[in-house]
>>> print(open('my_file-v1.txt').read())   # compact mmCIF, C-alpha atoms and all ligand atoms
# COMPACT_ATOMS: atom_id res chain seq x y z
CA MET Z 1 40.30 -26.05 -3.33
CA LYS Z 2 39.36 -22.67 -1.83
CA ASN Z 3 41.08 -21.78 1.42
CA LEU Z 4 39.25 -21.10 4.68
CA TYR Z 5 39.20 -17.33 4.27
CA GLN Z 6 37.90 -17.48 0.70
CA LYS Z 7 34.97 -19.49 2.05
CA ILE Z 8 34.22 -17.44 5.15
CA SER Z 9 35.22 -13.88 4.14
CA ILE Z 10 31.68 -12.46 4.19
CA HIS Z 11 31.03 -14.08 7.60
CA TYR Z 12 34.42 -13.26 9.10
CA ASP Z 13 33.33 -10.11 10.96
CA SER Z 14 30.29 -11.91 12.41
CA ILE Z 15 32.28 -14.94 13.48
CA TYR Z 16 34.77 -12.71 15.29
CA ARG Z 17 32.25 -10.08 16.43
CA TRP Z 18 33.47 -10.59 20.00
CA LYS Z 19 37.06 -9.67 19.20
CA ASP Z 20 38.14 -6.47 20.89
CA TYR Z 21 39.93 -4.65 18.05
CA GLU Z 22 39.80 -1.36 20.00
CA ASN Z 23 41.84 -2.93 22.77
CA ASP Z 24 44.41 -4.18 20.25
CA VAL Z 25 44.81 -0.59 19.04
CA VAL Z 26 45.34 0.57 22.65
CA ILE Z 27 48.08 -2.08 22.99
CA LEU Z 28 49.66 -1.08 19.66
CA GLU Z 29 49.74 2.60 20.61
CA GLU Z 30 51.38 1.76 23.96
CA PHE Z 31 54.17 0.04 22.03
CA PHE Z 32 54.37 2.90 19.50
CA ARG Z 33 54.78 5.43 22.33
CA LYS Z 34 57.63 3.43 23.84
CA SER Z 35 59.52 3.27 20.50
CA GLU Z 36 61.99 5.89 19.30
CA ILE Z 37 60.18 6.45 16.02
CA MET Z 38 57.12 8.63 15.48
CA VAL Z 39 54.78 6.09 13.91
CA LYS Z 40 52.79 7.46 11.00
CA GLN Z 41 52.96 4.84 8.26
CA ILE Z 42 51.86 1.33 9.15
CA LEU Z 43 52.01 -1.87 7.14
CA ASP Z 44 49.38 -4.35 8.34
CA VAL Z 45 50.40 -7.83 7.19
CA ALA Z 46 47.55 -10.36 6.90
CA CYS Z 47 45.16 -7.45 7.38
CA GLY Z 48 42.08 -9.61 6.71
CA THR Z 49 38.90 -7.55 6.46
CA GLY Z 50 40.69 -4.42 7.69
CA ASN Z 51 39.28 -4.12 11.21
CA HIS Z 52 42.49 -2.84 12.77
CA ASP Z 53 43.09 -0.67 9.72
CA LEU Z 54 39.73 1.08 10.03
CA LEU Z 55 40.46 2.09 13.64
CA LEU Z 56 44.07 3.06 12.92
CA ALA Z 57 43.13 5.11 9.83
CA ARG Z 58 40.51 6.96 11.88
CA LYS Z 59 43.31 7.93 14.27
CA GLY Z 60 45.27 9.44 11.38
CA TYR Z 61 47.78 6.68 10.62
CA ARG Z 62 48.56 6.02 6.95
CA ILE Z 63 47.78 2.37 6.29
CA THR Z 64 48.92 -0.19 3.76
CA GLY Z 65 47.43 -3.65 4.18
CA ILE Z 66 48.47 -6.90 2.56
CA ASP Z 67 46.76 -10.26 2.68
CA SER Z 68 46.94 -13.43 0.62
CA THR Z 69 43.16 -13.76 0.28
CA ALA Z 70 41.53 -11.49 -2.32
CA GLU Z 71 38.07 -12.04 -0.81
CA MET Z 72 39.21 -10.65 2.57
CA LEU Z 73 40.89 -7.69 0.88
CA ALA Z 74 37.74 -6.87 -1.08
CA ILE Z 75 35.94 -6.32 2.23
CA ALA Z 76 38.84 -4.32 3.67
CA LYS Z 77 38.89 -2.07 0.60
CA LYS Z 78 35.20 -1.21 1.02
CA LYS Z 79 35.63 -0.67 4.76
CA VAL Z 80 38.75 1.52 4.72
CA ARG Z 81 38.60 3.81 1.72
CA ASN Z 82 41.75 5.78 2.51
CA ALA Z 83 44.13 2.80 2.81
CA ILE Z 84 46.15 0.93 0.21
CA PHE Z 85 45.57 -2.82 -0.05
CA ARG Z 86 47.58 -5.42 -1.97
CA GLU Z 87 47.20 -9.17 -2.42
CA SER Z 88 50.51 -10.70 -1.29
CA ASP Z 89 52.06 -13.47 0.76
CA MET Z 90 53.78 -12.43 3.98
CA LYS Z 91 56.83 -14.57 3.18
CA ASP Z 92 57.78 -12.91 -0.09
CA PHE Z 93 55.94 -9.61 -0.60
CA VAL Z 94 57.98 -6.76 -2.08
CA LEU Z 95 56.52 -3.28 -1.69
CA ASN Z 96 59.59 -1.14 -2.51
CA HIS Z 97 58.68 1.01 0.48
CA THR Z 98 59.65 1.05 4.15
CA PHE Z 99 57.30 1.74 7.05
CA ASP Z 100 57.50 3.09 10.60
CA ALA Z 101 55.66 0.03 11.88
CA VAL Z 102 54.90 -3.45 10.56
CA ILE Z 103 52.09 -5.21 12.41
CA CYS Z 104 50.72 -8.73 11.94
CA LEU Z 105 47.84 -9.54 14.27
CA PHE Z 106 45.41 -12.15 15.49
CA SER Z 107 47.83 -15.06 15.21
CA SER Z 108 48.31 -14.55 11.47
CA ILE Z 109 52.04 -15.08 12.10
CA ASN Z 110 51.14 -18.71 12.84
CA TYR Z 111 50.55 -19.19 9.12
CA ASN Z 112 54.27 -19.84 9.12
CA LEU Z 113 54.36 -23.54 9.75
CA ASP Z 114 57.93 -23.93 10.97
CA LEU Z 115 60.92 -21.85 12.07
CA ARG Z 116 62.32 -21.73 8.51
CA GLU Z 117 59.13 -20.09 7.21
CA LEU Z 118 58.95 -17.82 10.25
CA GLU Z 119 62.50 -16.63 9.62
CA LYS Z 120 61.69 -15.83 5.97
CA THR Z 121 58.65 -13.83 7.04
CA LEU Z 122 60.35 -11.93 9.87
CA ARG Z 123 63.29 -11.06 7.57
CA ASN Z 124 60.75 -9.67 5.12
CA PHE Z 125 59.12 -7.59 7.87
CA TYR Z 126 62.59 -6.32 8.81
CA ARG Z 127 63.33 -5.33 5.19
CA HIS Z 128 60.12 -3.28 5.05
CA LEU Z 129 60.91 -1.27 8.20
CA LYS Z 130 62.61 2.11 8.41
CA PRO Z 131 65.62 2.33 10.78
CA LYS Z 132 64.24 2.30 14.35
CA GLY Z 133 60.95 1.04 12.90
CA ILE Z 134 58.85 -1.20 15.11
CA CYS Z 135 57.55 -4.69 14.37
CA ILE Z 136 54.63 -6.05 16.41
CA PHE Z 137 52.89 -9.39 16.10
CA ASP Z 138 50.85 -11.59 18.39
CA THR Z 139 50.53 -15.33 18.69
CA TRP Z 140 48.66 -17.87 20.69
CA ILE Z 141 50.60 -18.60 23.80
CA LEU Z 142 52.55 -21.80 23.45
CA LYS Z 143 53.33 -23.85 26.46
CA LYS Z 144 56.33 -26.17 26.47
CA ASN Z 145 53.98 -29.13 26.81
CA PHE Z 146 52.43 -28.78 23.31
CA ARG Z 147 51.11 -32.26 22.61
CA ASN Z 148 49.16 -34.30 20.11
CA ARG Z 149 45.45 -33.88 20.77
CA LEU Z 150 42.02 -33.47 19.19
CA ASN Z 151 39.63 -30.55 19.75
CA GLY Z 152 36.38 -29.15 18.35
CA ILE Z 153 34.64 -25.75 18.36
CA GLY Z 154 31.92 -23.92 16.36
CA TYR Z 155 29.87 -20.86 15.40
CA THR Z 156 26.30 -20.75 14.14
CA ASP Z 157 24.08 -18.13 12.53
CA GLU Z 158 20.71 -18.23 10.75
CA ASP Z 159 22.03 -19.48 7.42
CA PHE Z 160 25.61 -20.26 8.24
CA ASP Z 161 27.21 -22.87 10.50
CA ILE Z 162 30.87 -23.60 10.90
CA VAL Z 163 32.40 -26.35 13.00
CA ARG Z 164 36.09 -26.80 13.52
CA PHE Z 165 37.74 -30.06 14.47
CA GLY Z 166 41.41 -29.78 15.09
CA TYR Z 167 44.39 -31.86 15.89
CA SER Z 168 47.80 -30.80 17.11
CA LYS Z 169 50.94 -32.60 16.17
CA ALA Z 170 54.50 -32.23 17.42
CA THR Z 171 57.37 -33.72 15.40
CA SER Z 172 61.11 -33.36 15.93
CA ASN Z 173 61.31 -30.07 13.98
CA SER Z 174 57.82 -28.52 14.04
CA ARG Z 175 54.60 -28.20 16.00
CA THR Z 176 51.50 -27.68 13.90
CA SER Z 177 47.77 -27.71 14.44
CA THR Z 178 45.51 -28.60 11.56
CA SER Z 179 41.81 -27.82 11.55
CA LEU Z 180 39.13 -29.35 9.40
CA TYR Z 181 36.25 -26.91 8.94
CA LEU Z 182 32.78 -28.13 8.06
CA ILE Z 183 30.67 -25.28 6.73
CA ARG Z 184 26.96 -25.03 5.91
CA ASP Z 185 26.41 -21.84 3.93
CA ARG Z 186 22.77 -21.28 2.83
CA GLY Z 187 22.18 -25.03 2.76
CA LYS Z 188 25.35 -25.85 0.87
CA LEU Z 189 27.82 -28.13 2.68
CA GLN Z 190 31.50 -27.46 2.24
CA PHE Z 191 34.74 -28.32 3.96
CA CYS Z 192 38.30 -27.05 4.03
CA THR Z 193 41.45 -27.38 6.08
CA ASP Z 194 43.69 -24.75 7.67
CA SER Z 195 47.08 -25.26 9.33
CA ALA Z 196 49.10 -23.21 11.79
CA GLY Z 197 52.64 -23.48 13.14
CA HIS Z 198 53.37 -22.97 16.84
CA PHE Z 199 56.54 -21.57 18.40
CA LEU Z 200 57.93 -21.10 21.87
CA PRO Z 201 58.52 -17.47 22.91
CA SER Z 202 62.22 -18.34 23.34
CA GLU Z 203 62.41 -19.61 19.73
CA ILE Z 204 60.77 -16.45 18.35
CA LEU Z 205 62.98 -14.12 20.40
CA ALA Z 206 66.15 -15.98 19.33
CA LEU Z 207 65.09 -15.68 15.67
CA MET Z 208 64.35 -11.97 16.03
CA ARG Z 209 67.80 -11.37 17.51
CA LYS Z 210 69.42 -13.42 14.71
CA ILE Z 211 67.64 -11.28 12.06
CA GLY Z 212 68.90 -8.09 13.69
CA PHE Z 213 66.04 -6.71 15.77
CA ASN Z 214 67.97 -4.94 18.50
CA SER Z 215 65.42 -5.20 21.20
CA SER Z 216 62.65 -7.65 21.38
CA GLU Z 217 60.21 -8.13 24.17
CA TYR Z 218 56.95 -9.89 24.59
CA LYS Z 219 53.90 -9.06 26.56
CA ILE Z 220 51.23 -11.50 27.59
CA VAL Z 221 47.70 -10.16 27.17
CA PRO Z 222 44.47 -11.92 28.15
CA HIS Z 223 42.31 -12.40 25.07
CA GLU Z 224 39.06 -14.03 24.05
CA ILE Z 225 39.25 -17.39 22.33
CA PHE Z 226 37.28 -18.43 19.20
CA ASP Z 227 34.08 -19.92 20.57
CA SER Z 228 30.42 -19.19 20.00
CA ASN Z 229 29.96 -17.55 23.41
CA ALA Z 230 33.38 -15.92 23.58
CA THR Z 231 33.43 -16.54 27.29
CA ARG Z 232 36.75 -18.27 27.73
CA LYS Z 233 39.88 -16.17 27.99
CA VAL Z 234 43.29 -17.36 26.86
CA ASP Z 235 46.55 -15.50 27.04
CA ARG Z 236 48.22 -14.23 23.89
CA ASN Z 237 51.78 -13.11 23.25
CA PHE Z 238 52.61 -9.77 21.66
CA PHE Z 239 56.17 -9.68 20.30
CA VAL Z 240 57.91 -6.37 19.63
CA GLY Z 241 61.17 -5.82 17.80
CA ILE Z 242 62.99 -2.63 16.83
CA LYS Z 243 65.05 -2.40 13.62
CA VAL Z 244 68.64 -1.28 14.16
C1 LIG U 1 42.85 -14.76 11.56
S1 LIG U 1 42.84 -13.79 10.11
C2 LIG U 1 43.42 -12.24 10.79
C3 LIG U 1 42.99 -11.05 9.98
C4 LIG U 1 43.23 -9.69 10.65
N1 LIG U 1 44.64 -9.47 10.95
C5 LIG U 1 42.40 -9.57 11.92
O1 LIG U 1 42.98 -9.36 13.00
O2 LIG U 1 41.17 -9.68 11.83
C6 LIG U 1 44.23 -14.40 9.22
C7 LIG U 1 44.49 -13.71 7.90
O3 LIG U 1 45.76 -14.14 7.42
C8 LIG U 1 45.70 -14.22 6.01
N2 LIG U 1 46.82 -15.06 5.58
C9 LIG U 1 46.98 -16.39 5.76
N3 LIG U 1 48.16 -16.79 5.25
C10 LIG U 1 48.77 -15.67 4.78
C11 LIG U 1 50.01 -15.43 4.13
N4 LIG U 1 50.88 -16.43 3.90
N5 LIG U 1 50.32 -14.17 3.74
C12 LIG U 1 49.45 -13.15 3.97
N6 LIG U 1 48.25 -13.33 4.56
C13 LIG U 1 47.91 -14.57 4.97
C14 LIG U 1 44.33 -14.78 5.73
O4 LIG U 1 43.91 -14.55 4.41
C15 LIG U 1 43.50 -14.03 6.78
O5 LIG U 1 42.97 -12.85 6.25
>>> encode(input="my_file-v1.txt", output="structure tokens")
Amino acid sequence: MKNLYQKISIHYDSIYRWKDYENDVVILEEFFRKSEIMVKQILDVACGTGNHDLLLARKGYRITGIDSTAEMLAIAKKKVRNAIFRESDMKDFVLNHTFDAVICLFSSINYNLDLRELEKTLRNFYRHLKPKGICIFDTWILKKNFRNRLNGIGYTDEDFDIVRFGYSKATSNSRTSTSLYLIRDRGKLQFCTDSAGHFLPSEILALMRKIGFNSSEYKIVPHEIFDSNATRKVDRNFFVGIKV
């Protein structure tokens, strides 16, 4: 079965039209300025349709983007002509190149469903960084009281509707949310599922220290949530680690 992003790639930028990518770039550059490395080459992991990459490339950064969904990359390639894009999984990509910065944005890190997967991915980010290189990713904020619950949310356009019903589940060794998406695309009904893992800031920071990031901090930033009016604001966490 096709994954969510294969099904929605051509609608992705409309669905998330409210997302403030410019502000993300402001946040990224604040972190870059504070690091000891002059950031020129950036690896954007789970780059999607390349919205951050377009803005960063315009500012003169050299961009490589990877994503596991070819359909998303096809859009990124058209949008950002002077970047390199590769289809790869964040847990095991091998680029034989190291970067000044590795970024992974818009909760893409939550595609690691438990701490074991997260460790594999963060070790891979670490491997692809130059010494003193900076790693930045953001997640939904996770409160200690993550609990089992149901939720629903949607987006609609002339010929495209998408409704998400989700449930969150905490077990002894993981906390995941699974969403069932119902999609009507030019009259055709489809469905797919999508799962995300959730981590406490303390768990992420402990993992980053274990991997060898010598300083790791996180910053809480108010951010719009996925809803058709984009009116509600939820906090997000930006995590930053520096390679020794
Ligand atoms: C919410 S989108 C974020 C895209 C982009 N970073 C942005 O801010 O618009 C999540 C992206 O993660 C990608 N993705 C999901 N699992 C992945 C994995 N294991 N490895 C690499 N990319 C993955 C999806 O294909 C999708 O493009």
>>> residues_near_ligand(input="my_file-v1.txt", ligand="ligand LIG 1 (chain U)", cutoff="7 Å", atoms="all atoms listed in the file", output="mmCIF file with C-alpha atoms, in the coordinates of the input")
data_model
loop_
_atom_site.group_PDB
_atom_site.id
_atom_site.type_symbol
_atom_site.label_atom_id
_atom_site.label_comp_id
_atom_site.auth_asym_id
_atom_site.auth_seq_id
_atom_site.Cartn_x
_atom_site.Cartn_y
_atom_site.Cartn_z
ATOM 1 C CA TYR Z 5 39.200 -17.330 4.270
ATOM 2 C CA VAL Z 45 50.400 -7.830 7.190
ATOM 3 C CA ALA Z 46 47.550 -10.360 6.900
ATOM 4 C CA CYS Z 47 45.160 -7.450 7.380
ATOM 5 C CA GLY Z 48 42.080 -9.610 6.710
ATOM 6 C CA THR Z 49 38.900 -7.550 6.460
ATOM 7 C CA GLY Z 50 40.690 -4.420 7.690
ATOM 8 C CA ASN Z 51 39.280 -4.120 11.210
ATOM 9 C CA HIS Z 52 42.490 -2.840 12.770
ATOM 10 C CA ILE Z 66 48.470 -6.900 2.560
ATOM 11 C CA ASP Z 67 46.760 -10.260 2.680
ATOM 12 C CA SER Z 68 46.940 -13.430 0.620
ATOM 13 C CA THR Z 69 43.160 -13.760 0.280
ATOM 14 C CA MET Z 72 39.210 -10.650 2.570
ATOM 15 C CA SER Z 88 50.510 -10.700 -1.290
ATOM 16 C CA ASP Z 89 52.060 -13.470 0.760
ATOM 17 C CA MET Z 90 53.780 -12.430 3.980
ATOM 18 C CA LYS Z 91 56.830 -14.570 3.180
ATOM 19 C CA CYS Z 104 50.720 -8.730 11.940
ATOM 20 C CA LEU Z 105 47.840 -9.540 14.270
ATOM 21 C CA PHE Z 106 45.410 -12.150 15.490
ATOM 22 C CA SER Z 107 47.830 -15.060 15.210
ATOM 23 C CA SER Z 108 48.310 -14.550 11.470
ATOM 24 C CA TYR Z 111 50.550 -19.190 9.120
#
>>> atom_distance(input="my_file-v1.txt", atom1="atom CA of Asp53 of chain Z", atom2="atom CA of Val240 of chain Z")
18.7 Å
>>> closest_residue(input="my_file-v1.txt", among="Z:Ile220, Z:Phe165, Z:Tyr61, Z:Ser215", to="Thr193 of chain Z", atoms="only C-alpha atoms")
Z:Phe165
>>> atom_distance(input="my_file-v1.txt", atom1="atom CA of Leu182 of chain Z", atom2="atom CA of Tyr21 of chain Z")
26.5 Å
>>> atom_distance(input="my_file-v1.txt", atom1="atom CA of Ile42 of chain Z", atom2="atom CA of Leu122 of chain Z")
15.8 Å
>>> closest_residue(input="my_file-v1.txt", among="Z:His11, Z:Asn82, Z:Pro201, Z:Asp44", to="Ala57 of chain Z", atoms="only C-alpha atoms")
Z:Asn82
>>> closest_residue(input="my_file-v1.txt", among="Z:Asn214, Z:Gln41, Z:Ser168, Z:Ser35", to="Asp194 of chain Z", atoms="only C-alpha atoms")
Z:Ser168
